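Trainee: Sharing a structure, written as structure tokens. Questions coming.
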Amino acid sequence: MLNATWLNTFTTLCEIGHFTRSADVLGMTQPGVSQHLRKLEAQVGKTLIVQDGKSFTPTPAGEALFKVGLARRRQERELKELMQRDDPGVGEVRIGCSGSFAMWLYPHLLERLRTAPDLALHLTAAPQGDVTRGLIRGELDLGILATRPLQPQLEAKMIMREELCLVVPKSMQTQEVGLEDLNKLGFVAHPDGYEHADELLGRNFAKEYRGSDQLRTRTSVNQIGQILIPVAEGLGFAILPKSGVDAFARRSDVSILDLPIKHYHDLWLIFRRGRSKFARIASMISLIEKEVSELDQLPK
């Protein structure tokens with residue numbers, strides 16, 4: 001049987017990728033981490049990492065053992081949860097979603113914390129693929145995604161259809177705006193912005209639009225809370241889901257153009273099969289469903 005302590009040390013080492021930082025997290029010395037690694041290698045009879053200076057790469061045996069370590073952690077968390085009091089206000093809930101939706105959702109989660117002092121909530125803004133992997137590995141309890149995952153271990157509920165919005169400075173809200181006007185103003189680019197532009201501008205300016213790579217980019221930023229700042233300052237236009245617009249601190253300084261052809265993203269609430277029976281997770285699902293019902297959305 002694998003030594004649980006050595007396996008935990010090795011799993012942490014693979015997660016962090018650095019001996020000294022792993023030692024700090026584990027409350028050990030660096031030689032202690034190395035000693036656990038060597039003992040585990042002796043126990044399994046295989047070399048687990050290949051070192052190159054201060055960095056290292058797991059061997060095939062190391063990769064397989066790392067997966068075992070992650071699986072064991074997930075099993076231990078689930079066992080702990082089953083043994084704890086099943087109370088909607090007790091325990092941890094880990095949620096992953098897009099940055100735009102996270103910015104809108106987080107204040108609502110804080111309201112829940114005020115009424116549940118024994119509840120811990122962790123919100124992660126991450127790409128869709130990372131959220132899906134986190135759910136499968138048991139690192140996340142809930143995810144909000146724009147597409148329904150196909151993995152059999154995951155369950156999904158469509159909770160809303162969210163409008164994709166063309167956002168301009170407030171001064172342009174009463175104007176008739178064409179693609180040429182938008183290009184003169186300039187595009188505020190962000191990681192999802194080019195895909196959003198193809199989805200929305202391609203539908204509304206079909207004759208003139210030649211693709212997001214042809215837009216005149218005025219500035220770019222990858223921090224969700226800052227994307228609309230240049231728009232509010234009159235320095236560009238942006239395309240974001242409505243939740244990201246509504247959560248912007250200077251919402252009154254920007255305007256959503258009323259385009260003839262609307263475009264929506266389906267939003268799915270995702271969780272591991274069977275976990276919705278835990279009281280705290282069921283409670284969080286109900287909270288999210290209630291809050292999104294108050295957003296403007298296309299009838300399902």
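Note on naming: chains are A, B, ... as they come in the structure tokens, residues start from 1 per chain, ligands start from 1 in the order shown.
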Please report as a tab-separated table every residue of segment 232-259 of chain A lying within 12 Å of segment 265-270 of chain A, along with the nearest atom pair and their distance in Å (one decimal), using only C-alpha atoms.
Mentor:
```
residue	atom	partner	partner_atom	distance
A:Leu240	CA	A:His265	CA	10.9
A:Pro241	CA	A:His265	CA	8.1
A:Lys242	CA	A:His265	CA	10.1
A:Ser243	CA	A:Leu267	CA	11.4
```
Trainee: Keeping only C-alpha atoms, write the selected residues to a file as a PDB file, in the first residue's frame.
Mentor:
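Output (again-v7.pdb):
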```
ATOM      1  CA  LEU A 240     -19.167  41.633 -23.543  1.00  0.00           C
ATOM      2  CA  PRO A 241     -21.883  39.407 -22.063  1.00  0.00           C
ATOM      3  CA  LYS A 242     -24.537  41.475 -20.299  1.00  0.00           C
ATOM      4  CA  SER A 243     -23.496  40.258 -16.844  1.00  0.00           C
TER       5      SER A 243
END
```
Trainee: Can you pull out every residue within 8 Å of segment 102-104 of chain A, counting only C-alpha atoms, but drop anything in the same chain fewer than 6 positions away, and send it as a VMD selection string?
Mentor: chain A and resid 123 to 125 224 to 225 243 to 244 246 to 247
Trainee: Write the residues of the selection above to a file with N, CA and C atoms, as an mmCIF file, in the first residue's frame.
Mentor:
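Saved the output as result_27.cif:
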```cif
data_model
loop_
_atom_site.group_PDB
_atom_site.id
_atom_site.type_symbol
_atom_site.label_atom_id
_atom_site.label_comp_id
_atom_site.auth_asym_id
_atom_site.auth_seq_id
_atom_site.Cartn_x
_atom_site.Cartn_y
_atom_site.Cartn_z
ATOM 1 N N LEU A 123 -14.608 31.345 -5.420
ATOM 2 C CA LEU A 123 -14.996 31.611 -6.805
ATOM 3 C C LEU A 123 -13.749 31.759 -7.654
ATOM 4 N N THR A 124 -13.669 30.980 -8.737
ATOM 5 C CA THR A 124 -12.523 31.013 -9.647
ATOM 6 C C THR A 124 -12.982 31.442 -11.029
ATOM 7 N N ALA A 125 -12.378 32.500 -11.559
ATOM 8 C CA ALA A 125 -12.621 32.911 -12.940
ATOM 9 C C ALA A 125 -11.597 32.201 -13.819
ATOM 10 N N ILE A 224 -10.928 41.605 -16.551
ATOM 11 C CA ILE A 224 -12.335 41.791 -16.876
ATOM 12 C C ILE A 224 -12.890 43.092 -16.318
ATOM 13 N N GLY A 225 -12.486 43.476 -15.128
ATOM 14 C CA GLY A 225 -13.026 44.684 -14.515
ATOM 15 C C GLY A 225 -12.561 45.967 -15.172
ATOM 16 N N SER A 243 -23.869 40.296 -18.262
ATOM 17 C CA SER A 243 -23.496 40.258 -16.844
ATOM 18 C C SER A 243 -22.259 41.108 -16.576
ATOM 19 N N GLY A 244 -21.299 41.090 -17.505
ATOM 20 C CA GLY A 244 -20.091 41.885 -17.341
ATOM 21 C C GLY A 244 -20.369 43.371 -17.442
ATOM 22 N N ASP A 246 -23.404 44.828 -16.676
ATOM 23 C CA ASP A 246 -24.192 45.202 -15.502
ATOM 24 C C ASP A 246 -23.339 45.315 -14.243
ATOM 25 N N ALA A 247 -22.240 44.543 -14.179
ATOM 26 C CA ALA A 247 -21.389 44.556 -12.989
ATOM 27 C C ALA A 247 -20.357 45.688 -13.015
#
```
Trainee: Which one is closest to Trp6 of chain A: A:Phe101, A:Phe187, A:Phe66, A:Tyr194? Count only C-alpha atoms.
Mentor: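 Under the stated criterion, the closest residue is A:Phe66.
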Trainee: So which residues of segment 80-251 of chain A fall under strand (DSSP E) by DSSP, listed as a VMD selection string?
Mentor: chain A and resid 91 to 97 119 to 125 142 to 145 154 to 169 187 to 189 217 to 220 238 to 241
Trainee: Write out as a ChimeraX atom specification which residues come within 8 Å of segment 231-239 of chain A when counting only C-alpha atoms, dropping same-chain ones fewer than 3 positions away.
Mentor: /A:164-170,182,185-189,193,196-197,218-219,227-228,250,253-254
Trainee: Could you go through segment 80-199 of chain A and tell me which residues DSSP, when run on the backbone, assigns to alpha helix (DSSP H), listing them as a ChimeraX atom specification?
Mentor: /A:80-83,99-115,128-137,179-185,193-199
Trainee: Atom CA of Leu257 of chain A and atom CA of Leu179 of chain A, how far apart in Å?
Mentor: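 Distance reported for this atom pair: 12.3 Å.
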Trainee: Name the closest residue to Ile144 of chain A among the candidates A:Gly129, A:Pro260, A:Gly69, A:Pro107; distances are taken between atoms, counting only C-alpha atoms.
Mentor: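 Closest residue, counting only C-alpha atoms: A:Gly129.
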Trainee: Which neighbours of His18 of chain A fall inside 9 Å, counting only C-alpha atoms, when residues of the same chain fewer than 3 positions from it are skipped, and could you give them as a PyMOL selection string?
Mentor: chain A and resi 13-15+21-23+54-56
Trainee: Atoms to include: all heavy atoms. Write the selected residues as a PDB file, in the first residue's frame.
Mentor:
```pdb
ATOM      1  N   LEU A  13       4.101  18.411  -4.845  1.00  0.00           N
ATOM      2  CA  LEU A  13       5.269  18.776  -5.647  1.00  0.00           C
ATOM      3  C   LEU A  13       4.897  18.887  -7.128  1.00  0.00           C
ATOM      4  O   LEU A  13       5.304  19.833  -7.814  1.00  0.00           O
ATOM      5  CB  LEU A  13       6.373  17.732  -5.454  1.00  0.00           C
ATOM      6  CG  LEU A  13       7.679  17.954  -6.230  1.00  0.00           C
ATOM      7  CD1 LEU A  13       8.350  19.248  -5.789  1.00  0.00           C
ATOM      8  CD2 LEU A  13       8.621  16.770  -6.008  1.00  0.00           C
ATOM      9  N   CYS A  14       4.117  17.954  -7.626  1.00  0.00           N
ATOM     10  CA  CYS A  14       3.699  17.991  -9.029  1.00  0.00           C
ATOM     11  C   CYS A  14       2.769  19.169  -9.304  1.00  0.00           C
ATOM     12  O   CYS A  14       2.839  19.794 -10.374  1.00  0.00           O
ATOM     13  CB  CYS A  14       3.008  16.688  -9.421  1.00  0.00           C
ATOM     14  SG  CYS A  14       4.128  15.280  -9.547  1.00  0.00           S
ATOM     15  N   GLU A  15       1.902  19.484  -8.354  1.00  0.00           N
ATOM     16  CA  GLU A  15       0.979  20.611  -8.529  1.00  0.00           C
ATOM     17  C   GLU A  15       1.730  21.932  -8.597  1.00  0.00           C
ATOM     18  O   GLU A  15       1.441  22.783  -9.435  1.00  0.00           O
ATOM     19  CB  GLU A  15      -0.015  20.666  -7.374  1.00  0.00           C
ATOM     20  CG  GLU A  15      -1.111  19.621  -7.428  1.00  0.00           C
ATOM     21  CD  GLU A  15      -2.061  19.740  -6.257  1.00  0.00           C
ATOM     22  OE1 GLU A  15      -1.573  19.916  -5.114  1.00  0.00           O
ATOM     23  OE2 GLU A  15      -3.268  19.655  -6.476  1.00  0.00           O
ATOM     24  N   ARG A  21       9.003  25.874  -2.861  1.00  0.00           N
ATOM     25  CA  ARG A  21       7.633  26.335  -2.610  1.00  0.00           C
ATOM     26  C   ARG A  21       6.757  25.193  -2.091  1.00  0.00           C
ATOM     27  O   ARG A  21       5.867  25.405  -1.260  1.00  0.00           O
ATOM     28  CB  ARG A  21       7.040  26.947  -3.877  1.00  0.00           C
ATOM     29  CG  ARG A  21       7.658  28.294  -4.245  1.00  0.00           C
ATOM     30  CD  ARG A  21       6.772  29.060  -5.213  1.00  0.00           C
ATOM     31  NE  ARG A  21       6.700  28.427  -6.515  1.00  0.00           N
ATOM     32  CZ  ARG A  21       7.535  28.657  -7.517  1.00  0.00           C
ATOM     33  NH1 ARG A  21       8.539  29.526  -7.352  1.00  0.00           N
ATOM     34  NH2 ARG A  21       7.399  28.054  -8.678  1.00  0.00           N
ATOM     35  N   SER A  22       7.000  23.983  -2.566  1.00  0.00           N
ATOM     36  CA  SER A  22       6.253  22.835  -2.059  1.00  0.00           C
ATOM     37  C   SER A  22       6.550  22.621  -0.582  1.00  0.00           C
ATOM     38  O   SER A  22       5.645  22.324   0.207  1.00  0.00           O
ATOM     39  CB  SER A  22       6.605  21.576  -2.856  1.00  0.00           C
ATOM     40  OG  SER A  22       6.233  21.701  -4.205  1.00  0.00           O
ATOM     41  N   ALA A  23       7.812  22.755  -0.214  1.00  0.00           N
ATOM     42  CA  ALA A  23       8.194  22.602   1.190  1.00  0.00           C
ATOM     43  C   ALA A  23       7.483  23.635   2.064  1.00  0.00           C
ATOM     44  O   ALA A  23       7.007  23.327   3.161  1.00  0.00           O
ATOM     45  CB  ALA A  23       9.711  22.727   1.337  1.00  0.00           C
ATOM     46  N   LYS A  54      16.926  23.329 -11.678  1.00  0.00           N
ATOM     47  CA  LYS A  54      15.947  23.543 -10.624  1.00  0.00           C
ATOM     48  C   LYS A  54      14.546  23.093 -11.032  1.00  0.00           C
ATOM     49  O   LYS A  54      13.637  23.078 -10.207  1.00  0.00           O
ATOM     50  CB  LYS A  54      15.918  25.022 -10.229  1.00  0.00           C
ATOM     51  CG  LYS A  54      17.207  25.503  -9.553  1.00  0.00           C
ATOM     52  CD  LYS A  54      17.074  26.925  -9.085  1.00  0.00           C
ATOM     53  CE  LYS A  54      18.337  27.399  -8.378  1.00  0.00           C
ATOM     54  NZ  LYS A  54      18.226  28.796  -7.893  1.00  0.00           N
ATOM     55  N   SER A  55      14.368  22.762 -12.308  1.00  0.00           N
ATOM     56  CA  SER A  55      13.063  22.303 -12.768  1.00  0.00           C
ATOM     57  C   SER A  55      13.063  20.788 -12.909  1.00  0.00           C
ATOM     58  O   SER A  55      14.109  20.142 -12.856  1.00  0.00           O
ATOM     59  CB  SER A  55      12.709  22.952 -14.108  1.00  0.00           C
ATOM     60  OG  SER A  55      13.631  22.569 -15.102  1.00  0.00           O
ATOM     61  N   PHE A  56      11.871  20.212 -13.103  1.00  0.00           N
ATOM     62  CA  PHE A  56      11.770  18.769 -13.263  1.00  0.00           C
ATOM     63  C   PHE A  56      10.561  18.427 -14.112  1.00  0.00           C
ATOM     64  O   PHE A  56       9.642  19.248 -14.287  1.00  0.00           O
ATOM     65  CB  PHE A  56      11.686  18.072 -11.894  1.00  0.00           C
ATOM     66  CG  PHE A  56      10.412  18.361 -11.141  1.00  0.00           C
ATOM     67  CD1 PHE A  56       9.263  17.607 -11.356  1.00  0.00           C
ATOM     68  CD2 PHE A  56      10.361  19.392 -10.218  1.00  0.00           C
ATOM     69  CE1 PHE A  56       8.097  17.875 -10.661  1.00  0.00           C
ATOM     70  CE2 PHE A  56       9.199  19.672  -9.522  1.00  0.00           C
ATOM     71  CZ  PHE A  56       8.059  18.904  -9.743  1.00  0.00           C
TER      72      PHE A  56
END
```
Trainee: Atom CA of Arg112 of chain A and atom CA of Asp141 of chain A, how far apart in Å?
Mentor: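 Computing the Euclidean distance for atom CA of Asp141 of chain A and atom CA of Arg112 of chain A yields 16.5 Å.
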Trainee: Would you compute the distance between atom CA of Gln128 of chain A and atom CA of Leu145 of chain A? Give it in Å to one decimal.
Mentor: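 Calculated distance between atom CA of Gln128 of chain A and atom CA of Leu145 of chain A is 6.2 Å.
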Trainee: Leaving out Glu78 of chain A and any residue of its chain fewer than 3 positions from it, which residues lie within 12 Å of it when counting only C-alpha atoms, given as a PDB file with C-alpha atoms, in the first residue's frame?
Mentor:
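Generated output (out.pdb):
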```
ATOM      1  CA  ALA A  71      -7.951  10.937  -7.050  1.00  0.00           C
ATOM      2  CA  ARG A  72      -7.163  10.065  -3.444  1.00  0.00           C
ATOM      3  CA  ARG A  73      -7.518  13.699  -2.395  1.00  0.00           C
ATOM      4  CA  ARG A  74     -10.886  13.907  -4.097  1.00  0.00           C
ATOM      5  CA  GLN A  75     -12.029  10.705  -2.396  1.00  0.00           C
ATOM      6  CA  GLU A  81     -18.231  15.751   3.266  1.00  0.00           C
ATOM      7  CA  LEU A  82     -20.355  12.654   3.753  1.00  0.00           C
ATOM      8  CA  MET A  83     -19.308  12.394   7.386  1.00  0.00           C
ATOM      9  CA  GLN A  84     -19.974  16.072   8.105  1.00  0.00           C
ATOM     10  CA  GLY A  91     -18.750  23.422   4.580  1.00  0.00           C
ATOM     11  CA  GLU A  92     -17.082  24.588   1.381  1.00  0.00           C
ATOM     12  CA  ARG A 137     -11.233  16.203 -10.922  1.00  0.00           C
ATOM     13  CA  GLY A 138     -13.430  17.224  -8.009  1.00  0.00           C
ATOM     14  CA  GLU A 139     -11.564  20.508  -7.545  1.00  0.00           C
ATOM     15  CA  LEU A 140     -14.772  22.470  -8.251  1.00  0.00           C
ATOM     16  CA  ASP A 141     -18.311  21.806  -7.037  1.00  0.00           C
ATOM     17  CA  ARG A 272     -20.636  16.311 -10.747  1.00  0.00           C
ATOM     18  CA  GLY A 274     -24.890  13.116  -7.503  1.00  0.00           C
ATOM     19  CA  ARG A 275     -23.324  16.120  -5.769  1.00  0.00           C
ATOM     20  CA  PHE A 278     -25.405  17.751  -0.727  1.00  0.00           C
TER      21      PHE A 278
END
```
Trainee: Find the residue from A:Glu111, A:Asp192, A:Glu176, A:Glu291 that sits nearest to Gln223 of chain A; use only C-alpha atoms when measuring.
Mentor: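 Closest candidate: A:Asp192.
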Trainee: Within 8 Å of Leu121 of chain A, counting only C-alpha atoms, which residues show up once you throw out same-chain ones fewer than 4 positions away? Write them as a JSON list (two decimals) with C-alpha atoms, in the first residue's frame, please.
Mentor:
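Now in selection04.json:
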```json
[["chain", "number", "residue", "atom", "x", "y", "z"],
["A", 92, "GLU", "CA", -17.08, 24.59, 1.38],
["A", 93, "VAL", "CA", -18.46, 25.31, -2.09],
["A", 94, "ARG", "CA", -16.04, 25.88, -4.99],
["A", 95, "ILE", "CA", -17.40, 27.57, -8.12],
["A", 109, "LEU", "CA", -22.31, 35.10, -3.10],
["A", 113, "LEU", "CA", -21.91, 34.42, 3.40]]
```
Trainee: Which neighbours of Ala279 of chain A fall inside 9 Å, counting only C-alpha atoms, when residues of the same chain fewer than 3 positions from it are skipped, and could you give them as a PyMOL selection string?
Mentor: chain A and resi 86-90+276+282-284
Trainee: Which residue, A:Ala61, A:Val68, A:Ile16, A:Val245, has the smallest gap to Ala4 of chain A when you use only C-alpha atoms?
Mentor: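 Of A:Ala61, A:Val68, A:Ile16, A:Val245, the one nearest Ala4 of chain A is A:Val68, counting only C-alpha atoms.
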